[in-house]
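Peer 1: Below you'll find the structure I mean.
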Amino acid sequence: MEPLEIVEKIRERFPNEISSVVQFRDQVSVSVKRDKIFDICRFLSDSPEIRMDFLSDLCGVDHKGREFRFEVVYNLYSIKHGHRIRVKALIPENDPSVDSVVPVWSGANWHEREACDMFGIVFRGHPDLRRILMPEDWEGNPLRKDYPLEGPAGWEYKGYEEVKDLHTYDDEWRIR
Amino acid sequence: MTEKPFSIARLTSGTFIGATHALDIGAMTIFLYCFREREKILDLFERLCGARLTVSYTRIGGVKNDADAQWLEDVYKFTDEFPMRVEQYETLIDQNRIWLRRTKGIGVISAEEAINWGLSGPTLRGSGVAYDIRKTKPYGVYHKVAWLVPKGRNGDVYDRYRVRMEEFRQSNSIIRQCINDLPGGAIMADEPKFTLPPKDKVLSDMENLIRQFVLVTKGPQTAPEGEVYCATETPKGELGFHIVSDGTGKPYRMRIRTPSFVHISALPRLCVGSLVADVIANIGSVDIVLGECDR
């Protein structure tokens with residue numbers, strides 16, 4: 001099935017959910033509102049003619065300055081039919097949360113944990129939403145565009161002096 | 001042209017996984033046998049581009065340098081003897097009772113479940129799903145060469161191992177066909193905004209000097225605005241790049257989907273129902289690389 005036909009199927013089933021469709025280099029992305037993303041994913045995965053059974057990739061994107069700051073991107077592929085489509089859930093900044101799709105694709109588990117770790121997007125209903133790449137006591141979400149490049153806010157590298165003060169001199173080896 | 005190193009890299013990865021996987025489960029001899037071939041392949045890499053593991057041979061729009069005729073001949077000679085080596089590996093462990101007991105019926109995952117977990121590459125094909133991006137959406141020259149997608153039946157550790165062994169032969173055949181039909185000509189596209197000019201022109205021509213200078217110091221300055229997801233089949237599975245571009249030379253967001261990341265996430269599922277000692281067999285059979293998982 002052509003990607004645009006799949007978009008029409010989604011539009012038939014969920015008339016008010018699609019906010020935009022973009023075609024670029026033979027790839028189609030559909031931006032949808034986040035409220036029914038779980039139902040849309042369930043529909044795409046289970047309806048026999050679409051059958052998007054393979055979740056290629058799931059990731060977050062930070063579009064700082066837009067009305068919907070975050071996007072969760074689902075790159076879907078159908079091994080049965082061989083068609084591809086990209087669904088994007090639009091997420092506002094004040095409430096960065098979206099339904100988890102782990103019940104649909106088990107493979108989404110770690111992808112969602114990574115998106116949560118890097119962007120602070122909360123996946124509702126996720127079985128085990130802990131940080132995955134950063135340490136568990138880390139503050140902030142490193143891939144947000146407002147995350148300071150030099151480290152967490154307020155922290156500043158003072159250079160060698162700071163390190164020198166922390167150093168305890170070893171009497172045994174007489175290092176000064 | 002660029003296809004050949006990829007397939008050879010697949011053989012390196014294959015010999016490495018064959019070796020370490022078997023070593024993990026306790027078969028020492030095959031480890032040494034595989035590393036013999038691996039060394040030869042790495043020597044070929046070294047002769048081609050100076051590096052053994054991280055070859056960095058491909059460029060945007062081409063490759064770094066041309067391969068000479070002697071090198072191609074030696075690669076061809078290697079592919080002559082490699083199938084015999086694969087047979088040797090198989091005689092070592094295929095009928096080995098310890099190997100069979102350690103791998104048959106371990107880490108079984110059905111086709112539907114493997115797809116649902118997002119497994120790809122030999123791990124998915126071991127479950128009987130003939131999904132290979134080189135076939136479903138061919139890139140490079142994969143549509144011009146004849147080869148088969150091997151797949152397993154039971155989805156256990158043994159079948160995944162068998163798929164990898166079969167892929168040795170297929171990759172070997174791909175390399176031979178590539179060398180036979182290798183066209184001559186330029187090794188680099190001539191796209192002034194993205195690719196480096198030939199070195200001899202840099203030294204004699206002002207425009208090309210500027211082009212080289214800008215590309216090396218600042219990198220490409222523009223890219224089309226948009227969003228793509230592009231996946232290739234690596235020896236371990238689907239390697240996907242999701243790139244969001246805002247029109248500048250640097251991507252606004254680049255996400256790399258690596259097979260190991262997904263495969264490790266499915267490891268708890270694969271280990272259900274087997275002993276603790278079989279965890280290592282599962283890890284070996286999905287062929288994980290932790291550097292790739294962290295990215």
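Following the order of the structure tokens, first chain is A, next is B, and so on, with residues numbered from 1 inside each chain and ligands from 1 in the order they appear.
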Please report, as JSON lines, each residue of segment 151-224 of chain B lying at most 8 Å from segment 101-123 of chain B, together with the nearest pair of atoms and the separation in Å rounded to one decimal; use only C-alpha atoms, and order rows by chain and ascending residue number.
Peer 2:
{"residue": "B:Lys151", "atom": "CA", "partner": "B:Pro122", "partner_atom": "CA", "distance": 7.8}
{"residue": "B:Asn154", "atom": "CA", "partner": "B:Val108", "partner_atom": "CA", "distance": 6.9}
{"residue": "B:Gly155", "atom": "CA", "partner": "B:Val108", "partner_atom": "CA", "distance": 5.2}
{"residue": "B:Asp156", "atom": "CA", "partner": "B:Val108", "partner_atom": "CA", "distance": 4.3}
{"residue": "B:Val157", "atom": "CA", "partner": "B:Thr103", "partner_atom": "CA", "distance": 5.1}
{"residue": "B:Tyr158", "atom": "CA", "partner": "B:Thr103", "partner_atom": "CA", "distance": 4.9}
{"residue": "B:Asp159", "atom": "CA", "partner": "B:Lys104", "partner_atom": "CA", "distance": 7.9}
{"residue": "B:Arg160", "atom": "CA", "partner": "B:Thr123", "partner_atom": "CA", "distance": 5.7}
{"residue": "B:Val163", "atom": "CA", "partner": "B:Pro122", "partner_atom": "CA", "distance": 6.2}
{"residue": "B:Arg164", "atom": "CA", "partner": "B:Pro122", "partner_atom": "CA", "distance": 6.4}
Peer 1: Check every residue of chain A for an atom within 7 Å of chain B, counting only C-alpha atoms, and provide those that qualify as a list in words.
Peer 2: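 For chain A, the answer reads Phe24, Gln27, Asp53, Phe54, Leu55, Ser56, Asp57, Val61, Ile79, Trp105, Ser106, Gly107 and Trp110 of chain A.
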Peer 1: Next, write the just-selected residues to a file, as a CSV table (one decimal), in the first residue's frame, keeping all heavy atoms as the atom set.
Peer 2:
chain,number,residue,atom,x,y,z
A,24,PHE,N,8.4,13.8,1.8
A,24,PHE,CA,9.7,14.3,1.5
A,24,PHE,C,10.6,13.1,1.1
A,24,PHE,O,10.6,12.1,1.9
A,24,PHE,CB,10.3,15.0,2.8
A,24,PHE,CG,11.7,15.5,2.6
A,24,PHE,CD1,12.0,16.6,1.7
A,24,PHE,CD2,12.8,14.8,3.2
A,24,PHE,CE1,13.3,17.0,1.5
A,24,PHE,CE2,14.1,15.3,3.0
A,24,PHE,CZ,14.3,16.4,2.1
A,27,GLN,N,9.1,9.7,1.4
A,27,GLN,CA,8.7,9.2,2.8
A,27,GLN,C,7.6,10.1,3.3
A,27,GLN,O,7.7,11.3,3.1
A,27,GLN,CB,9.9,9.2,3.7
A,27,GLN,CG,11.1,8.3,3.3
A,27,GLN,CD,12.2,8.3,4.3
A,27,GLN,OE1,12.1,8.9,5.4
A,27,GLN,NE2,13.2,7.5,4.0
A,53,ASP,N,3.8,-4.2,11.7
A,53,ASP,CA,4.1,-5.1,12.8
A,53,ASP,C,5.5,-4.8,13.3
A,53,ASP,O,5.9,-5.2,14.4
A,53,ASP,CB,4.0,-6.6,12.4
A,53,ASP,CG,4.6,-6.8,11.0
A,53,ASP,OD1,5.3,-5.9,10.5
A,53,ASP,OD2,4.4,-7.9,10.4
A,54,PHE,N,6.3,-4.0,12.6
A,54,PHE,CA,7.7,-3.8,13.0
A,54,PHE,C,8.0,-2.4,13.3
A,54,PHE,O,7.8,-1.5,12.5
A,54,PHE,CB,8.6,-4.2,11.8
A,54,PHE,CG,10.1,-4.3,12.1
A,54,PHE,CD1,10.6,-5.4,12.8
A,54,PHE,CD2,11.0,-3.3,11.7
A,54,PHE,CE1,11.9,-5.5,13.1
A,54,PHE,CE2,12.3,-3.4,12.0
A,54,PHE,CZ,12.8,-4.5,12.7
A,55,LEU,N,8.3,-2.1,14.6
A,55,LEU,CA,8.6,-0.8,15.0
A,55,LEU,C,10.1,-0.6,14.7
A,55,LEU,O,10.9,-1.0,15.5
A,55,LEU,CB,8.3,-0.5,16.5
A,55,LEU,CG,8.7,0.8,17.0
A,55,LEU,CD1,7.7,1.9,16.6
A,55,LEU,CD2,8.7,0.8,18.6
A,56,SER,N,10.4,0.1,13.6
A,56,SER,CA,11.8,0.3,13.3
A,56,SER,C,12.5,1.2,14.3
A,56,SER,O,13.6,0.8,14.8
A,56,SER,CB,11.9,1.0,11.9
A,56,SER,OG,12.0,0.2,10.9
A,57,ASP,N,11.9,2.2,14.7
A,57,ASP,CA,12.5,3.2,15.5
A,57,ASP,C,11.5,4.0,16.2
A,57,ASP,O,10.4,4.3,15.7
A,57,ASP,CB,13.5,4.1,14.7
A,57,ASP,CG,14.3,4.9,15.6
A,57,ASP,OD1,14.5,4.6,16.7
A,57,ASP,OD2,14.8,6.0,15.1
A,61,VAL,N,12.1,14.2,19.5
A,61,VAL,CA,12.7,15.4,18.8
A,61,VAL,C,12.3,16.6,19.6
A,61,VAL,O,11.1,16.7,20.0
A,61,VAL,CB,12.3,15.5,17.4
A,61,VAL,CG1,13.0,16.7,16.7
A,61,VAL,CG2,12.6,14.2,16.6
A,79,ILE,N,6.5,-5.8,7.8
A,79,ILE,CA,7.2,-6.9,7.2
A,79,ILE,C,6.3,-7.7,6.2
A,79,ILE,O,6.8,-8.2,5.2
A,79,ILE,CB,7.9,-7.8,8.3
A,79,ILE,CG1,9.0,-7.0,8.9
A,79,ILE,CG2,8.4,-9.1,7.7
A,79,ILE,CD1,9.8,-7.7,10.0
A,105,TRP,N,4.0,-2.7,20.6
A,105,TRP,CA,5.3,-3.3,20.2
A,105,TRP,C,6.2,-3.4,21.4
A,105,TRP,O,6.5,-2.4,22.0
A,105,TRP,CB,5.9,-2.4,19.2
A,105,TRP,CG,5.2,-2.2,17.9
A,105,TRP,CD1,5.0,-3.1,16.9
A,105,TRP,CD2,4.5,-1.0,17.5
A,105,TRP,NE1,4.2,-2.5,15.9
A,105,TRP,CE2,3.9,-1.2,16.3
A,105,TRP,CE3,4.3,0.3,18.1
A,105,TRP,CZ2,3.2,-0.3,15.6
A,105,TRP,CZ3,3.6,1.2,17.4
A,105,TRP,CH2,3.0,0.9,16.2
A,106,SER,N,6.5,-4.6,21.8
A,106,SER,CA,7.4,-4.8,23.0
A,106,SER,C,8.7,-4.1,22.8
A,106,SER,O,9.3,-3.6,23.8
A,106,SER,CB,7.6,-6.3,23.2
A,106,SER,OG,6.4,-7.0,23.2
A,107,GLY,N,9.2,-4.0,21.6
A,107,GLY,CA,10.5,-3.4,21.3
A,107,GLY,C,10.5,-1.9,21.6
A,107,GLY,O,11.6,-1.3,21.6
A,110,TRP,N,12.7,0.0,25.4
A,110,TRP,CA,14.0,0.8,25.7
A,110,TRP,C,14.0,2.1,24.9
A,110,TRP,O,14.6,3.1,25.3
A,110,TRP,CB,15.2,-0.1,25.3
A,110,TRP,CG,15.6,-1.0,26.4
A,110,TRP,CD1,14.7,-1.5,27.4
A,110,TRP,CD2,16.8,-1.5,26.7
A,110,TRP,NE1,15.4,-2.3,28.3
A,110,TRP,CE2,16.7,-2.3,27.9
A,110,TRP,CE3,18.1,-1.4,26.1
A,110,TRP,CZ2,17.8,-3.0,28.4
A,110,TRP,CZ3,19.2,-2.1,26.6
A,110,TRP,CH2,19.0,-2.9,27.8
Peer 1: Interatomic distance between atom CA of Gly184 of chain B and atom CA of Ile210 of chain B?
Peer 2: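 Calculated distance between atom CA of Gly184 of chain B and atom CA of Ile210 of chain B is 28.4 Å.
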Peer 1: Hey, what does DSSP flag as strand (DSSP E) within segment 86-147 of chain A? Can you give it to me as a list in words?
Peer 2: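 Answer for segment 86-147 of chain A, restricted to strand (DSSP E): Arg86, Val87, Lys88, Ala89, Leu90, Ile91, Ser97, Val98, Asp99, Val122, Phe123 and Arg124 of chain A.
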Peer 1: May I have the residues from that selection written out with N, CA, C and O atoms, as a PDB file, in the first residue's frame?
Peer 2:
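Writing the result to part.pdb gives the following:
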ATOM      1  N   ARG A  86       5.773   7.086   8.733  1.00  0.00           N
ATOM      2  CA  ARG A  86       6.295   7.703   9.955  1.00  0.00           C
ATOM      3  C   ARG A  86       5.165   8.468  10.616  1.00  0.00           C
ATOM      4  O   ARG A  86       4.534   9.314   9.990  1.00  0.00           O
ATOM      5  N   VAL A  87       4.917   8.130  11.865  1.00  0.00           N
ATOM      6  CA  VAL A  87       3.868   8.820  12.622  1.00  0.00           C
ATOM      7  C   VAL A  87       4.553   9.663  13.690  1.00  0.00           C
ATOM      8  O   VAL A  87       5.513   9.217  14.309  1.00  0.00           O
ATOM      9  N   LYS A  88       4.066  10.905  13.839  1.00  0.00           N
ATOM     10  CA  LYS A  88       4.685  11.760  14.844  1.00  0.00           C
ATOM     11  C   LYS A  88       3.610  12.258  15.800  1.00  0.00           C
ATOM     12  O   LYS A  88       2.575  12.779  15.348  1.00  0.00           O
ATOM     13  N   ALA A  89       3.833  12.071  17.073  1.00  0.00           N
ATOM     14  CA  ALA A  89       2.896  12.574  18.077  1.00  0.00           C
ATOM     15  C   ALA A  89       3.388  13.937  18.545  1.00  0.00           C
ATOM     16  O   ALA A  89       4.545  14.084  18.925  1.00  0.00           O
ATOM     17  N   LEU A  90       2.518  14.932  18.489  1.00  0.00           N
ATOM     18  CA  LEU A  90       2.905  16.290  18.889  1.00  0.00           C
ATOM     19  C   LEU A  90       2.641  16.475  20.374  1.00  0.00           C
ATOM     20  O   LEU A  90       1.562  16.160  20.874  1.00  0.00           O
ATOM     21  N   ILE A  91       3.635  16.974  21.079  1.00  0.00           N
ATOM     22  CA  ILE A  91       3.557  17.044  22.535  1.00  0.00           C
ATOM     23  C   ILE A  91       3.895  18.457  22.993  1.00  0.00           C
ATOM     24  O   ILE A  91       4.932  19.003  22.610  1.00  0.00           O
ATOM     25  N   SER A  97       3.931  14.504  28.049  1.00  0.00           N
ATOM     26  CA  SER A  97       3.623  13.110  28.323  1.00  0.00           C
ATOM     27  C   SER A  97       2.807  12.542  27.172  1.00  0.00           C
ATOM     28  O   SER A  97       2.131  13.273  26.446  1.00  0.00           O
ATOM     29  N   VAL A  98       2.879  11.238  27.019  1.00  0.00           N
ATOM     30  CA  VAL A  98       2.194  10.565  25.921  1.00  0.00           C
ATOM     31  C   VAL A  98       1.984   9.122  26.356  1.00  0.00           C
ATOM     32  O   VAL A  98       2.700   8.606  27.222  1.00  0.00           O
ATOM     33  N   ASP A  99       0.983   8.466  25.762  1.00  0.00           N
ATOM     34  CA  ASP A  99       0.740   7.070  26.123  1.00  0.00           C
ATOM     35  C   ASP A  99       1.859   6.183  25.593  1.00  0.00           C
ATOM     36  O   ASP A  99       2.343   6.382  24.484  1.00  0.00           O
ATOM     37  N   VAL A 122       7.328  11.879  29.421  1.00  0.00           N
ATOM     38  CA  VAL A 122       6.828  10.802  30.266  1.00  0.00           C
ATOM     39  C   VAL A 122       5.914   9.905  29.439  1.00  0.00           C
ATOM     40  O   VAL A 122       4.990  10.397  28.785  1.00  0.00           O
ATOM     41  N   PHE A 123       6.195   8.614  29.444  1.00  0.00           N
ATOM     42  CA  PHE A 123       5.352   7.672  28.705  1.00  0.00           C
ATOM     43  C   PHE A 123       4.411   7.001  29.690  1.00  0.00           C
ATOM     44  O   PHE A 123       4.834   6.191  30.515  1.00  0.00           O
ATOM     45  N   ARG A 124       3.134   7.382  29.605  1.00  0.00           N
ATOM     46  CA  ARG A 124       2.152   6.864  30.564  1.00  0.00           C
ATOM     47  C   ARG A 124       1.905   5.376  30.307  1.00  0.00           C
ATOM     48  O   ARG A 124       1.666   4.972  29.172  1.00  0.00           O
TER      49      ARG A 124
END
Peer 1: Between atom CA of Gly247 of chain B and atom CA of Pro92 of chain A, what distance in Å does the model show, to one decimal?
Peer 2: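 Separating atom CA of Gly247 of chain B from atom CA of Pro92 of chain A is a distance of 23.9 Å.
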Peer 1: State, in Å with one decimal place, the distance from atom CA of Thr217 of chain B to atom CA of Met118 of chain A.
Peer 2: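 Separation of atom CA of Thr217 of chain B and atom CA of Met118 of chain A: 29.8 Å.
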Peer 1: Write out as a list in words which residues come within 10 Å of Val55 of chain B when counting only C-alpha atoms, dropping same-chain ones fewer than 3 positions away.
Peer 2: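 So the residues in contact are Pro5, Ala9, Leu42, Phe45, Glu46, Leu48, Cys49, Gly50, Ala51, Arg52 and Thr58 of chain B.
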